[in-house]
Amino acid sequence: MFRVNRLELNKMDKYGQPMNAAMTPPKLPLSPEEHAAIRKRLRDLLAEHEALDKQVTQLTRNSPPADQLLIPRLKKRKLQIRDHIWRLEALLTPDDLA
């Protein structure tokens with residue numbers, strides 16, 4: 001039986017795009033090591049999202065923004081990170097909530 005490594009599905013490529021974005025991670029039982037790795041990745045992504053949010057806020061406070069292209073790029077990256085966080089949280093959430 002072929003088992004897909006869920007952690008490989010959730011890596012970003014060099015452009016910040018999720019690799020295999022069209023694939024949905026399988027809902028197989030997580031090992032303790034996989035669970036810990038996903039939790040660590042979630043913490044890292046949440047910290048990166050918060051840092052980007054602060055950066056966007058600071059850049060938009062200036063009347064004429066310094067770089068008109070930077071703000072949309074940062075916002076797009078924030079959305080990509082949010083999607084990635086959602087996928088990782090879906091891995092940690094059990095299917096059958098009783």
# chains A, B, ... in the order shown; residues from 1 in each chain; ligands from 1
>>> residues_around(residues="stretch 80-94 of chain A", least_positions_apart="6", cutoff="7 Å", atoms="only C-alpha atoms", output="PDB file with C-alpha atoms, in the first residue's frame")
ATOM      1  CA  LYS A  27      -6.853  11.367   6.745  1.00  0.00           C
ATOM      2  CA  ILE A  38       2.538  19.680  12.253  1.00  0.00           C
ATOM      3  CA  LEU A  42       1.527  25.667  12.616  1.00  0.00           C
ATOM      4  CA  LEU A  45       3.179  29.811  10.110  1.00  0.00           C
ATOM      5  CA  HIS A  49       1.324  35.505   9.410  1.00  0.00           C
TER       6      HIS A  49
END
>>> closest_residue(among="A:Arg43, A:Ala36, A:Pro29, A:Glu50", to="A:Lys75", atoms="only C-alpha atoms")
A:Glu50
